[in-house]
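Engineer: For reference, the file coords_37.txt (compact mmCIF, C-alpha atoms) is included below:
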# COMPACT_ATOMS: atom_id res chain seq x y z
CA MET U 14 114.85 129.98 73.51
CA PHE U 15 112.65 133.03 73.66
CA ASP U 16 112.39 133.66 69.92
CA THR U 17 110.28 130.64 69.24
CA ALA U 18 108.30 129.71 66.17
CA LEU U 19 105.50 128.46 68.39
CA THR U 20 102.22 130.17 67.52
CA LEU U 21 98.91 130.40 69.31
CA ASN U 22 97.53 127.77 66.97
CA ASP U 23 100.19 125.34 68.07
CA LEU U 24 99.29 125.94 71.68
CA LEU U 25 95.68 125.24 70.77
CA PHE U 26 96.86 121.99 69.17
CA LEU U 27 98.59 121.06 72.42
CA ALA U 28 95.44 121.94 74.36
CA GLN U 29 93.46 119.62 72.09
CA GLY U 30 95.99 116.91 72.84
CA ALA U 31 95.54 117.55 76.56
CA GLY U 32 91.77 117.30 76.00
CA MET U 33 92.27 113.90 74.40
CA THR U 34 94.43 112.79 77.36
CA LEU U 35 91.68 113.90 79.73
CA ALA U 36 88.95 112.22 77.66
CA VAL U 37 90.77 108.88 77.58
CA THR U 38 91.47 109.16 81.30
CA ALA U 39 87.87 110.08 82.17
CA VAL U 40 86.36 107.19 80.22
CA SER U 41 88.90 104.63 81.43
CA VAL U 42 88.74 105.66 85.06
CA THR U 43 84.93 105.72 85.07
CA VAL U 44 84.54 102.30 83.46
CA GLY U 45 87.53 100.90 85.36
CA THR U 46 86.20 102.09 88.70
CA ILE U 47 82.77 100.60 88.11
CA LEU U 48 84.34 97.28 87.13
CA GLY U 49 86.79 97.53 90.00
CA ILE U 50 84.06 98.05 92.57
CA LEU U 51 82.11 95.15 91.09
CA PHE U 52 85.12 92.81 91.10
CA GLY U 53 86.25 94.01 94.53
CA VAL U 54 82.88 93.35 96.15
CA LEU U 55 82.59 89.97 94.39
CA ARG U 56 86.08 89.04 95.49
CA PHE U 57 85.25 89.97 99.07
CA GLN U 58 82.00 88.02 99.01
CA PHE U 59 83.29 84.88 97.31
CA GLY U 60 86.59 84.78 99.15
CA PRO U 61 90.03 84.40 97.60
CA ILE U 62 89.66 80.75 96.53
CA TRP U 63 86.54 81.01 94.39
CA PHE U 64 87.71 84.27 92.95
CA ALA U 65 91.21 82.94 92.13
CA PRO U 66 90.71 82.71 88.33
CA LEU U 67 89.66 86.33 88.12
CA THR U 68 92.44 87.40 90.50
CA PHE U 69 94.92 85.72 88.18
CA LEU U 70 93.38 87.44 85.17
CA LEU U 71 93.49 90.85 86.81
CA ASP U 72 97.03 90.22 88.01
CA ILE U 73 98.10 89.88 84.37
CA PHE U 74 97.04 93.47 83.76
CA ARG U 75 99.33 94.58 86.56
CA SER U 76 102.34 92.48 85.57
CA VAL U 77 102.50 93.10 81.83
CA PRO U 78 103.67 96.46 80.44
CA LEU U 79 100.79 98.68 79.38
CA LEU U 80 102.40 99.21 75.98
CA ILE U 81 102.28 95.46 75.30
CA GLN U 82 98.68 95.35 76.56
CA LEU U 83 97.70 98.11 74.16
CA VAL U 84 99.35 96.41 71.19
CA LEU U 85 97.73 93.09 72.11
CA GLY U 86 94.36 94.75 72.59
CA ASN U 87 94.63 96.40 69.21
CA ALA U 88 95.68 93.13 67.54
CA LEU U 89 92.87 91.27 69.26
CA GLN U 90 90.21 93.72 68.18
CA SER U 91 91.31 93.40 64.58
CA ILE U 92 91.48 89.60 64.81
CA LEU U 93 87.94 89.56 66.18
CA LYS U 94 86.91 92.03 63.47
CA LEU U 95 85.40 94.44 66.00
CA GLY U 96 86.37 97.42 63.91
CA TRP U 97 87.20 99.59 66.93
CA GLY U 98 89.08 102.80 66.41
CA PRO U 99 92.18 103.65 68.43
CA PHE U 100 90.12 105.63 70.96
CA THR U 101 87.79 102.74 71.79
CA THR U 102 90.64 100.24 71.91
CA SER U 103 92.73 102.47 74.16
CA CYS U 104 89.82 103.08 76.49
CA ALA U 105 88.97 99.37 76.64
CA VAL U 106 92.54 98.35 77.52
CA LEU U 107 93.03 101.21 79.99
CA SER U 108 89.67 100.43 81.62
CA LEU U 109 90.70 96.86 82.34
CA TYR U 110 94.08 98.10 83.52
CA THR U 111 92.35 100.53 85.90
CA ALA U 112 89.89 97.85 87.01
CA ALA U 113 92.76 95.53 87.97
CA TYR U 114 94.23 98.13 90.32
CA CYS U 115 90.85 99.38 91.53
CA THR U 116 89.83 95.84 92.54
CA GLU U 117 92.78 95.68 94.92
CA ILE U 118 91.93 99.10 96.39
CA VAL U 119 88.28 98.14 96.91
CA ARG U 120 89.18 94.79 98.44
CA GLY U 121 91.73 96.31 100.79
CA SER U 122 89.41 99.07 101.93
CA MET U 123 86.54 96.62 102.49
CA GLU U 124 88.77 94.40 104.57
CA SER U 125 89.58 97.39 106.76
CA VAL U 126 85.95 97.59 107.93
CA PRO U 127 85.78 95.49 111.11
CA MET U 128 83.61 92.41 110.68
CA THR U 129 82.03 93.07 114.09
CA THR U 130 80.70 96.43 112.89
CA ARG U 131 79.04 94.74 109.96
CA ARG U 132 77.63 91.94 112.10
CA ALA U 133 76.23 94.57 114.44
CA ALA U 134 74.50 96.18 111.48
CA ARG U 135 73.08 92.86 110.33
CA SER U 136 71.86 91.99 113.81
CA LEU U 137 70.06 95.33 113.96
CA GLY U 138 68.02 93.99 111.05
CA MET U 139 69.76 95.68 108.14
CA THR U 140 69.80 93.76 104.87
CA TRP U 141 73.04 92.99 103.03
CA GLY U 142 72.42 95.93 100.72
CA GLN U 143 71.75 98.31 103.59
CA ASP U 144 74.86 97.08 105.38
CA MET U 145 76.88 97.76 102.21
CA ARG U 146 75.36 101.17 101.63
CA GLU U 147 75.16 102.54 105.15
CA ILE U 148 78.10 100.88 106.92
CA VAL U 149 80.71 99.53 104.54
CA ALA U 150 80.60 102.24 101.87
CA PRO U 151 81.18 105.27 104.13
CA LEU U 152 83.84 103.55 106.25
CA SER U 153 85.82 102.07 103.39
CA LEU U 154 85.49 105.14 101.17
CA ARG U 155 87.85 107.18 103.29
CA ILE U 156 90.42 104.40 103.20
CA ALA U 157 90.04 103.98 99.46
CA LEU U 158 89.84 107.58 98.28
CA PRO U 159 93.52 108.60 98.60
CA SER U 160 94.68 105.47 96.76
CA TRP U 161 91.95 105.93 94.19
CA ILE U 162 93.14 109.47 93.51
CA GLY U 163 96.65 108.08 93.11
CA LEU U 164 95.33 105.50 90.68
CA THR U 165 93.47 108.13 88.64
CA LEU U 166 96.63 110.20 88.33
CA GLY U 167 98.60 107.09 87.44
CA VAL U 168 96.17 106.28 84.65
CA MET U 169 96.35 109.89 83.43
CA LYS U 170 100.12 109.60 83.16
CA ASP U 171 100.02 106.10 81.69
CA SER U 172 97.51 107.25 79.07
CA ALA U 173 100.49 108.86 77.33
CA LEU U 174 101.22 105.38 75.97
CA VAL U 175 98.13 105.38 73.76
CA LEU U 176 100.18 107.41 71.28
CA TRP U 177 101.51 104.04 70.14
CA LEU U 178 98.08 103.24 68.70
CA GLY U 179 98.05 106.54 66.81
CA LEU U 180 95.84 108.57 69.10
CA ILE U 181 96.96 112.19 69.22
CA GLU U 182 97.08 112.94 72.93
CA LEU U 183 99.23 115.50 74.72
CA LEU U 184 102.62 113.81 74.33
CA ARG U 185 102.01 112.84 70.70
CA ALA U 186 100.81 116.36 69.93
CA SER U 187 103.99 117.82 71.37
CA GLN U 188 106.04 115.29 69.43
CA ILE U 189 104.35 116.38 66.20
CA LEU U 190 105.20 119.99 67.02
CA VAL U 191 108.80 119.02 67.80
CA THR U 192 109.11 117.36 64.42
CA ARG U 193 107.79 120.47 62.70
CA LEU U 194 109.45 123.24 64.72
CA GLN U 195 112.69 121.50 65.77
CA GLU U 196 112.60 122.96 69.27
CA PRO U 197 112.43 119.78 71.33
CA LEU U 198 113.34 121.15 74.75
CA PHE U 199 110.98 124.12 74.72
CA ILE U 200 107.96 122.19 73.50
CA LEU U 201 108.59 119.23 75.75
CA LEU U 202 108.88 121.61 78.69
CA ILE U 203 105.46 123.04 77.87
CA CYS U 204 104.08 119.51 77.54
CA GLY U 205 105.59 118.53 80.88
CA ALA U 206 104.24 121.68 82.50
CA ILE U 207 100.72 120.82 81.29
CA TYR U 208 100.99 117.29 82.71
CA PHE U 209 102.34 118.73 85.94
CA LEU U 210 99.52 121.27 86.23
CA LEU U 211 96.92 118.57 85.61
CA SER U 212 98.45 116.17 88.10
CA PHE U 213 100.05 118.16 90.91
CA PRO U 214 97.00 119.89 92.46
CA ILE U 215 95.06 116.61 92.57
CA ALA U 216 98.07 114.77 93.99
CA ARG U 217 98.29 117.41 96.72
CA LEU U 218 94.58 117.00 97.46
CA GLY U 219 95.09 113.24 97.74
CA GLY U 220 98.03 113.69 100.10
CA HIS U 221 96.01 116.13 102.18
CA LEU U 222 93.05 113.74 102.45
CA GLU U 223 95.36 110.90 103.36
CA LYS U 224 96.92 112.94 106.14
CA ARG U 225 93.57 114.13 107.45
CA TRP U 226 91.79 110.81 107.35
CA SER U 227 94.49 108.47 108.53
CA PRO U 228 93.99 107.60 112.19
CA HIS U 229 97.71 107.55 113.04
CA ASP U 230 100.59 110.02 112.68
CA MET M 2 86.69 81.08 62.99
CA PHE M 3 87.82 84.70 62.79
CA GLY M 4 89.40 84.43 59.37
CA TYR M 5 92.77 84.68 61.10
CA THR M 6 95.23 81.83 61.40
CA PHE M 7 97.49 81.87 64.42
CA ARG M 8 101.07 80.97 63.55
CA TRP M 9 102.56 80.17 66.92
CA ASN M 10 105.40 78.14 65.40
CA GLN M 11 106.90 81.13 63.69
CA ALA M 12 106.73 83.15 66.87
CA LEU M 13 108.13 80.37 69.04
CA GLN M 14 111.11 80.02 66.73
CA ALA M 15 112.09 83.55 67.72
CA LEU M 16 111.97 82.66 71.41
CA PRO M 17 115.77 82.50 71.93
CA GLN M 18 116.08 85.99 70.46
CA MET M 19 113.33 87.26 72.72
CA LEU M 20 114.92 85.68 75.77
CA ASP M 21 118.14 87.53 74.91
CA GLY M 22 116.02 90.67 74.85
CA ALA M 23 114.60 89.76 78.25
CA LEU M 24 118.15 89.73 79.61
CA VAL M 25 118.71 93.27 78.31
CA THR M 26 115.39 94.29 79.86
CA LEU M 27 116.49 92.90 83.21
CA GLN M 28 119.86 94.58 82.85
CA VAL M 29 118.28 97.99 82.22
CA ALA M 30 115.83 97.49 85.08
CA ILE M 31 118.52 96.48 87.58
CA LEU M 32 120.88 99.28 86.51
CA SER M 33 118.09 101.85 86.71
CA MET M 34 117.15 100.54 90.13
CA VAL M 35 120.72 100.75 91.45
CA ILE M 36 121.20 104.28 90.09
CA GLY M 37 117.72 105.26 91.25
CA LEU M 38 118.40 103.92 94.74
CA ALA M 39 121.65 105.89 95.03
CA LEU M 40 119.93 109.04 93.79
CA ALA M 41 116.98 108.48 96.12
CA ILE M 42 119.27 108.20 99.14
CA MET M 43 120.97 111.39 97.99
CA LEU M 44 117.58 113.13 97.64
CA THR M 45 116.58 111.91 101.10
CA LEU M 46 119.76 113.43 102.52
CA PHE M 47 119.06 116.66 100.62
CA ARG M 48 115.57 116.78 102.06
CA ARG M 49 116.93 116.53 105.58
CA SER M 50 119.70 119.08 105.02
CA ASP M 51 119.62 122.64 106.33
CA SER M 52 120.20 124.23 102.95
CA ARG M 53 117.03 125.57 101.36
CA ILE M 54 118.47 125.15 97.87
CA LEU M 55 119.19 121.45 98.38
CA ARG M 56 115.77 120.90 99.91
CA GLY M 57 114.09 122.72 97.05
CA PHE M 58 116.06 120.70 94.53
CA ALA M 59 115.00 117.41 96.13
CA VAL M 60 111.34 118.45 96.36
CA ALA M 61 111.33 119.63 92.73
CA TRP M 62 112.90 116.36 91.55
CA VAL M 63 110.40 114.22 93.45
CA GLU M 64 107.37 116.23 92.34
CA VAL M 65 108.39 116.31 88.67
CA ALA M 66 109.21 112.59 88.67
CA ARG M 67 105.88 111.74 90.27
CA ASN M 68 103.64 114.13 88.34
CA THR M 69 104.73 113.60 84.75
CA PRO M 70 104.51 110.39 82.68
CA ALA M 71 107.55 108.10 82.59
CA LEU M 72 107.36 108.23 78.81
CA PHE M 73 107.68 112.02 78.97
CA GLN M 74 110.79 111.68 81.12
CA ILE M 75 112.35 109.31 78.61
CA TYR M 76 111.45 111.68 75.76
CA MET M 77 113.05 114.49 77.71
CA ALA M 78 116.27 112.50 78.04
CA HIS M 79 116.23 111.49 74.39
CA PHE M 80 114.91 114.55 72.54
CA GLY M 81 115.08 117.33 75.12
CA LEU M 82 118.77 116.98 75.95
CA GLY M 83 119.52 117.23 72.24
CA ASN M 84 119.01 120.98 72.64
CA PHE M 85 122.19 121.13 74.70
CA GLY M 86 124.06 119.04 72.16
CA ILE M 87 123.82 115.95 74.36
CA HIS M 88 122.70 113.08 72.17
CA LEU M 89 121.99 110.02 74.24
CA SER M 90 121.65 106.60 72.67
CA PRO M 91 118.25 104.95 73.15
CA PHE M 92 119.79 102.73 75.82
CA ALA M 93 121.21 105.68 77.77
CA ALA M 94 118.04 107.74 77.35
CA LEU M 95 115.88 104.87 78.58
CA LEU M 96 118.18 104.25 81.52
CA ALA M 97 118.31 107.95 82.42
CA GLY M 98 114.53 108.33 82.19
CA ILE M 99 113.74 105.29 84.34
CA ALA M 100 116.47 106.08 86.87
CA PHE M 101 115.09 109.62 87.22
CA ASN M 102 111.61 108.20 87.73
CA ASN M 103 112.78 105.52 90.17
CA ALA M 104 114.69 108.08 92.23
CA GLY M 105 111.61 110.27 92.64
CA TYR M 106 109.30 107.45 93.69
CA LEU M 107 111.88 105.80 95.95
CA ALA M 108 112.67 109.10 97.67
CA GLU M 109 108.97 109.48 98.43
CA ASN M 110 108.89 105.92 99.81
CA PHE M 111 111.88 106.71 101.98
CA ARG M 112 110.19 109.80 103.33
CA GLY M 113 107.31 107.63 104.50
CA ALA M 114 109.73 105.09 105.98
CA LEU M 115 111.64 107.80 107.84
CA LYS M 116 108.48 108.74 109.70
CA ALA M 117 108.55 105.31 111.33
CA ILE M 118 112.09 105.81 112.68
CA PRO M 119 112.11 107.88 115.86
CA GLU M 120 114.20 111.05 115.66
CA THR M 121 115.63 110.16 119.07
CA GLN M 122 117.62 107.27 117.59
CA ALA M 123 119.67 109.52 115.36
CA ARG M 124 120.16 111.88 118.30
CA ALA M 125 121.31 109.00 120.49
CA GLY M 126 123.84 108.16 117.79
CA ARG M 127 125.01 111.76 117.68
CA SER M 128 125.45 111.87 121.43
CA LEU M 129 127.60 108.75 121.23
CA GLY M 130 129.96 110.82 119.15
CA MET M 131 128.83 109.90 115.63
CA GLY M 132 128.89 112.49 112.89
CA SER M 133 125.62 113.46 111.21
CA LEU M 134 126.35 111.39 108.12
CA GLN M 135 127.65 108.52 110.21
CA ALA M 136 124.45 108.42 112.25
CA PHE M 137 122.41 108.47 109.05
CA ARG M 138 124.47 105.72 107.46
CA LEU M 139 124.70 103.41 110.47
CA ILE M 140 121.40 103.95 112.24
CA VAL M 141 118.76 105.50 110.00
CA LEU M 142 119.62 104.04 106.59
CA PRO M 143 119.49 100.30 107.45
CA GLN M 144 116.11 100.69 109.12
CA MET M 145 114.83 102.89 106.33
CA LEU M 146 115.78 100.33 103.67
CA ARG M 147 114.18 97.59 105.72
CA ILE M 148 110.86 99.42 106.12
CA ALA M 149 110.84 100.49 102.49
CA PHE M 150 111.73 97.04 101.17
CA LEU M 151 108.25 96.14 99.95
CA PRO M 152 107.69 99.45 98.12
CA MET M 153 111.16 99.00 96.63
CA THR M 154 110.13 95.60 95.30
CA ASN M 155 107.09 97.19 93.71
CA GLN M 156 109.28 99.87 92.18
CA MET M 157 111.53 97.17 90.74
CA VAL M 158 108.54 95.56 89.03
CA TRP M 159 107.53 99.01 87.77
CA ALA M 160 111.06 99.52 86.42
CA ILE M 161 110.82 96.26 84.49
CA LEU M 162 107.48 97.30 83.00
CA MET M 163 108.82 100.77 82.20
CA THR M 164 111.73 99.38 80.18
CA SER M 165 109.20 98.47 77.51
CA LEU M 166 108.87 102.21 76.79
CA GLY M 167 112.34 102.18 75.26
CA VAL M 168 110.81 101.01 71.99
CA THR M 169 109.28 104.48 71.52
CA VAL M 170 112.74 106.07 71.36
CA GLY M 171 114.18 103.45 69.07
CA MET M 172 115.58 100.93 71.53
CA ASN M 173 115.80 97.63 69.65
CA THR M 174 117.74 95.30 71.90
CA ASP M 175 115.39 94.87 74.86
CA LEU M 176 112.39 92.54 74.91
CA ALA M 177 109.86 95.09 73.66
CA GLY M 178 112.27 96.37 71.01
CA ILE M 179 113.06 92.92 69.66
CA THR M 180 109.39 91.99 69.69
CA GLN M 181 108.54 95.13 67.75
CA GLU M 182 111.26 94.41 65.22
CA LEU M 183 110.09 90.81 64.72
CA ASN M 184 106.55 92.13 64.40
CA ALA M 185 107.57 94.68 61.78
CA ARG M 186 109.16 91.89 59.76
CA SER M 187 106.32 89.39 59.92
CA PHE M 188 103.13 91.24 61.01
CA ARG M 189 102.41 88.40 63.43
CA THR M 190 101.58 91.06 65.99
CA PHE M 191 99.39 89.05 68.32
CA GLU M 192 101.62 85.99 68.50
CA PHE M 193 104.85 87.88 69.14
CA PHE M 194 103.41 90.30 71.65
CA ALA M 195 101.54 87.54 73.48
CA ILE M 196 104.82 85.70 73.99
CA ALA M 197 106.47 88.94 75.12
CA ALA M 198 103.62 89.46 77.58
CA VAL M 199 104.14 85.98 79.02
CA ILE M 200 107.88 86.64 79.43
CA TYR M 201 107.23 89.99 81.13
CA TYR M 202 104.69 88.34 83.41
CA LEU M 203 107.13 85.60 84.39
CA ILE M 204 109.93 88.10 85.07
CA ALA M 205 107.65 90.27 87.20
CA LYS M 206 106.44 87.25 89.18
CA ALA M 207 109.99 85.93 89.62
CA VAL M 208 111.13 89.30 90.97
CA THR M 209 108.20 89.51 93.39
CA LEU M 210 108.73 85.96 94.61
CA GLY M 211 112.50 86.34 94.85
CA ALA M 212 112.13 89.55 96.85
CA ARG M 213 109.74 87.83 99.23
CA LEU M 214 112.24 85.02 99.83
CA VAL M 215 115.08 87.49 100.31
CA ALA M 216 112.94 89.51 102.73
CA ARG M 217 112.18 86.40 104.77
CA ARG M 218 115.86 85.60 104.98
CA LEU M 219 117.10 89.13 105.66
CA PHE M 220 114.48 90.44 108.01
CA ARG M 221 114.33 87.68 110.58
CA TYR M 222 114.34 89.02 114.06
So that I can check it, write out the structure of this file as structure tokens.
Structural biologist:
Amino acid sequence: MFDTALTLNDLLFLAQGAGMTLAVTAVSVTVGTILGILFGVLRFQFGPIWFAPLTFLLDIFRSVPLLIQLVLGNALQSILKLGWGPFTTSCAVLSLYTAAYCTEIVRGSMESVPMTTRRAARSLGMTWGQDMREIVAPLSLRIALPSWIGLTLGVMKDSALVLWLGLIELLRASQILVTRLQEPLFILLICGAIYFLLSFPIARLGGHLEKRWSPHD
Amino acid sequence: MFGYTFRWNQALQALPQMLDGALVTLQVAILSMVIGLALAIMLTLFRRSDSRILRGFAVAWVEVARNTPALFQIYMAHFGLGNFGIHLSPFAALLAGIAFNNAGYLAENFRGALKAIPETQARAGRSLGMGSLQAFRLIVLPQMLRIAFLPMTNQMVWAILMTSLGVTVGMNTDLAGITQELNARSFRTFEFFAIAAVIYYLIAKAVTLGARLVARRLFRY
């Protein structure tokens, strides 16, 4: 195991793969979060009945395997002749996937702000926007942040599936190396260690925040 | 309109085949859930034990399962174990990967559930003459499973969605595998995968709904 054919260049190749994983994650989480906040606020304002069609649509993204979503997204973009590359397609699908989960987080955290607090703000003469910015945002943020961190990490791990569309991210890069060097265990261990190092510290931070900010236990 | 003609007929003709695949998908998901549940209970016991080695083992398992992609875990079972001369079939590798993943997430759910069960209850059991394992089995475990029922339902849905990853290690009998094979033969990608998506959606919804009904029946006070 210690006399490996792995060279520094191969490690660099893996690092590039990790960079691709991070890039896909960053784009998807950013776009997904913006959409999620938008949908979440709309859902809260319109109420569950008027928002039902969109709830159903977003629910699909949570009940269908991501792999199938990616294949469908890719097929759809070629049917519509959009000419998107694998990176754009992956980011688009993952963004909607993130948005579906983020909407639920935003909705749940907004519901946790007591209505009386908001009414008090409005009766002090704050506008709807001020109420949102000064009252709802700070109070719901601390409810939402731990779950949002969990979601971000989940998307980072799920982004491994974009290899199916031919994007060379961390797992695909390690698979290419395995095919060439024939040392599956060693290379996969390195790959797993990289994922672990990316994910574990942030997961710990999320757990810490959750413990510190939760009113009970 | 797009210069693409949908051929739903062709895809719908393959529906019986795909439904057979859905059964295999369910089978893998249920098996992985049963194994994962047993392992998770074992990990929970390890975490509560006095031995540092057992505790470390449980923590390592949970952290690795939760901080690496499920696909990586399946790859590890399929390609990684080959280094030791263990060559798992795609079915076994998929099952092992998902069960490993389930165990980690369920153990973490159980840890949260345990917080809600007062330590005094187990002690009361002990003082009535129960052994440590007996108290766990008869007093802590039933409550733990009850509190963690909803997260367990979610994990079951996750397990169903994760079975689709088997196609990446050459699984060709489950829903995703069969769909991919039909797709490779006909290139009707959108049609076949859209039908697969509908089937996955219906299974996921059926599981959620079924679990809700079961919960209403089981957890009446």
Engineer: For the atom pair CA of Asn102 (chain M) and CA of Arg147 (chain M), what is the interatomic distance in Å to one decimal place?
Structural biologist: 21.0 Å
Engineer: Around the point (94.5, 84.6, 61.4) in the file's coordinates, collect all residues with an atom within 10 Å, using only C-alpha atoms, and return them as a list in words.
Structural biologist: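 Returned residue set, sorted by chain then number, is Ser91, Ile92 and Leu93 of chain U; Met2, Phe3, Gly4, Tyr5, Thr6, Phe7, Arg8, Arg189 and Phe191 of chain M.
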Engineer: Please identify every residue of chain M that has at least one atom no more than 8 Å from any atom of chain U, counting all atoms listed in the file, and report them as a PDB file with C-alpha atoms, keeping the file's coordinate frame.
Structural biologist:
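This is the output file part.pdb:
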ATOM      1  CA  PHE M   3      87.820  84.700  62.790  1.00  0.00           C
ATOM      2  CA  GLY M   4      89.400  84.430  59.370  1.00  0.00           C
ATOM      3  CA  TYR M   5      92.770  84.680  61.100  1.00  0.00           C
ATOM      4  CA  GLU M  64     107.370 116.230  92.340  1.00  0.00           C
ATOM      5  CA  VAL M  65     108.390 116.310  88.670  1.00  0.00           C
ATOM      6  CA  ASN M  68     103.640 114.130  88.340  1.00  0.00           C
ATOM      7  CA  THR M  69     104.730 113.600  84.750  1.00  0.00           C
ATOM      8  CA  PRO M  70     104.510 110.390  82.680  1.00  0.00           C
ATOM      9  CA  ALA M  71     107.550 108.100  82.590  1.00  0.00           C
ATOM     10  CA  LEU M  72     107.360 108.230  78.810  1.00  0.00           C
ATOM     11  CA  PHE M  73     107.680 112.020  78.970  1.00  0.00           C
ATOM     12  CA  MET M  77     113.050 114.490  77.710  1.00  0.00           C
ATOM     13  CA  PHE M  80     114.910 114.550  72.540  1.00  0.00           C
ATOM     14  CA  GLY M  81     115.080 117.330  75.120  1.00  0.00           C
ATOM     15  CA  LEU M  82     118.770 116.980  75.950  1.00  0.00           C
ATOM     16  CA  GLY M  83     119.520 117.230  72.240  1.00  0.00           C
ATOM     17  CA  ASN M  84     119.010 120.980  72.640  1.00  0.00           C
ATOM     18  CA  VAL M 158     108.540  95.560  89.030  1.00  0.00           C
ATOM     19  CA  LEU M 162     107.480  97.300  83.000  1.00  0.00           C
ATOM     20  CA  MET M 163     108.820 100.770  82.200  1.00  0.00           C
ATOM     21  CA  SER M 165     109.200  98.470  77.510  1.00  0.00           C
ATOM     22  CA  LEU M 166     108.870 102.210  76.790  1.00  0.00           C
ATOM     23  CA  THR M 169     109.280 104.480  71.520  1.00  0.00           C
ATOM     24  CA  ALA M 177     109.860  95.090  73.660  1.00  0.00           C
ATOM     25  CA  THR M 190     101.580  91.060  65.990  1.00  0.00           C
ATOM     26  CA  PHE M 191      99.390  89.050  68.320  1.00  0.00           C
ATOM     27  CA  PHE M 194     103.410  90.300  71.650  1.00  0.00           C
ATOM     28  CA  ALA M 195     101.540  87.540  73.480  1.00  0.00           C
ATOM     29  CA  ALA M 197     106.470  88.940  75.120  1.00  0.00           C
ATOM     30  CA  ALA M 198     103.620  89.460  77.580  1.00  0.00           C
ATOM     31  CA  VAL M 199     104.140  85.980  79.020  1.00  0.00           C
ATOM     32  CA  TYR M 201     107.230  89.990  81.130  1.00  0.00           C
ATOM     33  CA  TYR M 202     104.690  88.340  83.410  1.00  0.00           C
ATOM     34  CA  ALA M 205     107.650  90.270  87.200  1.00  0.00           C
ATOM     35  CA  LYS M 206     106.440  87.250  89.180  1.00  0.00           C
TER      36      LYS M 206
END
Engineer: Env of Arg138 (chain M): 12 Å cut, atoms = only C-alpha atoms, seq-sep filter 3 positions within chain, self excluded. Answer as a PyMOL selection string.
Structural biologist: chain M and resi 42-43+45-46+123+126-127+131-135+141-146
Engineer: Using all atoms listed in the file, which residue out of M:Ile87, M:Val35, M:Ala185, M:Leu176 lies closest to Ile204 (chain M)?
Structural biologist: M:Leu176
Engineer: Show me the residues close to (114.6, 91.5, 105.2) - anything with an atom within 12 Å, counting all atoms listed in the file - and format the list as a PDB file with C-alpha atoms, in the coordinates of the input.
Structural biologist:
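Result file result.pdb:
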ATOM      1  CA  PRO M 143     119.490 100.300 107.450  1.00  0.00           C
ATOM      2  CA  GLN M 144     116.110 100.690 109.120  1.00  0.00           C
ATOM      3  CA  MET M 145     114.830 102.890 106.330  1.00  0.00           C
ATOM      4  CA  LEU M 146     115.780 100.330 103.670  1.00  0.00           C
ATOM      5  CA  ARG M 147     114.180  97.590 105.720  1.00  0.00           C
ATOM      6  CA  ILE M 148     110.860  99.420 106.120  1.00  0.00           C
ATOM      7  CA  ALA M 149     110.840 100.490 102.490  1.00  0.00           C
ATOM      8  CA  PHE M 150     111.730  97.040 101.170  1.00  0.00           C
ATOM      9  CA  LEU M 151     108.250  96.140  99.950  1.00  0.00           C
ATOM     10  CA  MET M 153     111.160  99.000  96.630  1.00  0.00           C
ATOM     11  CA  THR M 154     110.130  95.600  95.300  1.00  0.00           C
ATOM     12  CA  GLY M 211     112.500  86.340  94.850  1.00  0.00           C
ATOM     13  CA  ALA M 212     112.130  89.550  96.850  1.00  0.00           C
ATOM     14  CA  ARG M 213     109.740  87.830  99.230  1.00  0.00           C
ATOM     15  CA  LEU M 214     112.240  85.020  99.830  1.00  0.00           C
ATOM     16  CA  VAL M 215     115.080  87.490 100.310  1.00  0.00           C
ATOM     17  CA  ALA M 216     112.940  89.510 102.730  1.00  0.00           C
ATOM     18  CA  ARG M 217     112.180  86.400 104.770  1.00  0.00           C
ATOM     19  CA  ARG M 218     115.860  85.600 104.980  1.00  0.00           C
ATOM     20  CA  LEU M 219     117.100  89.130 105.660  1.00  0.00           C
ATOM     21  CA  PHE M 220     114.480  90.440 108.010  1.00  0.00           C
ATOM     22  CA  ARG M 221     114.330  87.680 110.580  1.00  0.00           C
ATOM     23  CA  TYR M 222     114.340  89.020 114.060  1.00  0.00           C
TER      24      TYR M 222
END
Engineer: Just give me the gap between CA of Asp21 (chain M) and CA of Gly98 (chain M) in Å, one decimal is fine.
Structural biologist: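 Those two atoms sit 22.3 Å apart.
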Engineer: Find, counting all atoms listed in the file, the residue in M:Val168, M:Ile161, M:Ala114, M:Leu107 that gets nearest to Ala23 (chain M).
Structural biologist: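 Result for the nearest residue to Ala23 (chain M): M:Ile161.
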Engineer: Please identify all polymer residues within 8 Å of region 109-112 of chain U, counting all atoms listed in the file, omitting same-chain residues fewer than 3 positions from it, and present them as a list of chain:residue names.
Structural biologist: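 Listing them by chain and then by number gives U:Ser41, U:Val42, U:Val44, U:Gly45, U:Thr46, U:Ile47, U:Leu48, U:Gly49, U:Leu71, U:Phe74, U:Arg75, U:Leu79, U:Ala105, U:Val106, U:Cys115, U:Thr116, U:Leu164, U:Val168.
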Engineer: Name all residues at most 7 Å from Val126 (chain U) (count all atoms listed in the file; drop same-chain ones fewer than 3 positions away) and give them as a PDB file with C-alpha atoms, in the frame of the given file.
Structural biologist:
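So the final result, stored in selection.pdb, reads:
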ATOM      1  CA  MET U 123      86.540  96.620 102.490  1.00  0.00           C
ATOM      2  CA  VAL U 149      80.710  99.530 104.540  1.00  0.00           C
ATOM      3  CA  LEU U 152      83.840 103.550 106.250  1.00  0.00           C
ATOM      4  CA  SER U 153      85.820 102.070 103.390  1.00  0.00           C
TER       5      SER U 153
END
Engineer: So what do you get for CA of Leu178 (chain U) versus CA of Trp161 (chain U), distance-wise?
Structural biologist: 26.4 Å
